[in-house]
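Just query-v2.txt here, compact mmCIF, C-alpha atoms:
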# COMPACT_ATOMS: atom_id res chain seq x y z
CA MET C 3 6.76 -13.86 3.52
CA SER C 4 8.52 -12.05 6.31
CA LEU C 5 11.08 -9.29 6.22
CA THR C 6 14.49 -10.11 7.65
CA GLY C 7 15.33 -6.53 8.64
CA ARG C 8 18.19 -6.16 6.15
CA PHE C 9 18.01 -3.38 3.59
CA TRP C 10 20.09 -1.86 0.82
CA PHE C 11 19.91 1.06 -1.59
CA ARG C 12 20.40 0.98 -5.33
CA LYS C 13 20.35 3.66 -7.97
CA SER C 14 17.90 3.37 -10.87
CA TRP C 15 18.72 4.21 -14.47
CA THR C 16 17.10 7.61 -14.04
CA GLY C 17 19.23 8.37 -10.98
CA ARG C 18 16.53 7.83 -8.34
CA LEU C 19 17.47 6.07 -5.13
CA VAL C 20 15.50 2.85 -4.53
CA LEU C 21 15.26 1.08 -1.17
CA LEU C 22 15.59 -2.70 -1.32
CA VAL C 23 14.44 -4.97 1.52
CA GLU C 24 15.23 -8.62 2.09
CA GLU C 25 12.42 -11.08 2.70
CA GLU C 26 12.26 -14.84 3.14
CA ARG C 27 10.06 -16.66 0.69
CA PRO C 28 8.97 -20.19 1.51
CA ARG C 29 10.30 -22.89 -0.79
CA TRP C 30 8.10 -25.09 -2.92
CA PHE C 31 6.58 -28.07 -1.14
CA GLY C 32 7.92 -26.85 2.22
CA ARG C 33 11.42 -28.23 1.74
CA GLY C 34 13.84 -26.70 4.24
CA ALA C 35 14.07 -23.09 5.31
CA GLY C 36 12.87 -20.15 3.24
CA LYS C 37 14.99 -18.61 0.54
CA PRO C 38 15.98 -14.95 1.05
CA ARG C 39 15.41 -12.54 -1.85
CA TRP C 40 15.67 -8.79 -2.40
CA ARG C 41 12.78 -6.66 -3.61
CA ASN C 42 11.84 -2.99 -3.87
CA ALA C 43 10.27 -1.62 -0.69
CA ARG C 44 6.56 -0.77 -0.68
CA LEU C 45 4.70 1.83 1.35
CA LEU C 46 3.26 -0.96 3.49
CA ASP C 47 6.79 -1.90 4.61
CA PHE C 48 7.17 1.49 6.32
CA ALA C 49 3.87 1.30 8.24
CA GLU C 50 3.64 0.43 11.92
CA PRO C 51 2.26 -3.10 12.50
CA GLU C 52 -0.95 -1.69 14.00
CA LEU C 53 -1.69 0.36 10.85
CA ARG C 54 -1.05 -2.36 8.26
CA PRO C 55 -4.59 -3.85 8.33
CA LEU C 56 -6.01 -0.35 7.89
CA MET C 57 -3.77 0.31 4.88
CA MET C 58 -4.75 -3.04 3.36
CA MET C 59 -8.42 -2.17 3.83
CA GLU C 60 -7.95 1.15 2.01
CA LYS C 61 -6.19 -0.57 -0.88
CA HIS C 62 -8.97 -3.15 -1.31
CA HIS C 63 -11.67 -0.49 -0.92
CA ARG C 64 -10.28 1.58 -3.81
CA VAL C 65 -10.13 -1.40 -6.15
CA GLY C 66 -13.57 -2.73 -5.22
CA PRO C 67 -16.63 -2.46 -7.47
CA GLY C 68 -18.36 0.17 -5.31
CA SER C 69 -15.72 2.86 -5.84
CA ALA C 70 -17.39 4.29 -8.97
CA GLN C 71 -20.87 4.85 -7.53
CA VAL C 72 -22.85 7.93 -8.54
CA ARG C 73 -24.67 9.53 -5.66
CA ILE C 74 -27.81 11.63 -5.92
CA LEU C 75 -27.18 15.27 -5.08
CA ARG C 76 -29.80 17.40 -3.37
CA PRO C 77 -30.03 21.07 -4.32
CA VAL C 78 -28.85 23.57 -1.74
CA PRO C 79 -31.61 26.07 -0.87
CA SER C 80 -30.97 29.64 -1.93
CA PRO C 81 -30.61 32.32 0.78
CA ALA C 82 -34.13 33.67 0.11
CA GLU C 83 -35.71 30.24 0.64
CA SER C 84 -33.77 29.65 3.86
CA ARG C 85 -34.87 33.02 5.32
CA SER C 86 -38.54 32.27 4.64
CA ALA C 87 -38.22 28.80 6.15
CA ASN C 88 -36.58 30.16 9.31
CA GLY C 89 -39.29 32.78 9.82
Could I get this file's structure written as structure tokens?
Amino acid sequence: MSLTGRFWFRKSWTGRLVLLVEEERPRWFGRGAGKPRWRNARLLDFAEPELRPLMMMEKHHRVGPGSAQVRILRPVPSPAESRSANG
């Protein structure tokens, strides 16, 4: 799905301004050209092309299973212990 470069604004029921972008979606079974449709813009639409893979990586990293890991914390030495260790 590629953006066509056309955009529009609409007002939501709460009065917020929403940016709409037009994209071309491929048709079923590859018949003819893609069909244009309007959708709400996402944060990824505003990113530079070079930064998009990085933003996708961050999104997948947050959702992944390793995001809720508990790490072991080491106690910080008190000032008296650090003075005796330093000499």
Nearest to Arg27 of chain C by atom-to-atom distance, counting all atoms listed in the file, from C:Trp40, C:Trp10, C:Phe48, C:Trp15: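 Answer, going by the shortest atom-to-atom distance: C:Trp40.
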Gap from atom CA of Lys37 of chain C to atom CA of Gly17 of chain C - Å, one decimal: 29.6 Å
Atomic separation - atom CA of Ala43 of chain C relative to atom CA of Pro55 of chain C, Å: 17.5 Å
Atom-to-atom span, atom CA of Pro38 of chain C and atom CA of His62 of chain C, Å: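 So the two atoms, atom CA of Pro38 of chain C and atom CA of His62 of chain C, lie 27.7 Å apart.
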Nearest candidate to Phe9 of chain C (options C:Glu25, C:Ala35, C:Glu52, C:Leu45; using all atoms listed in the file): C:Glu25
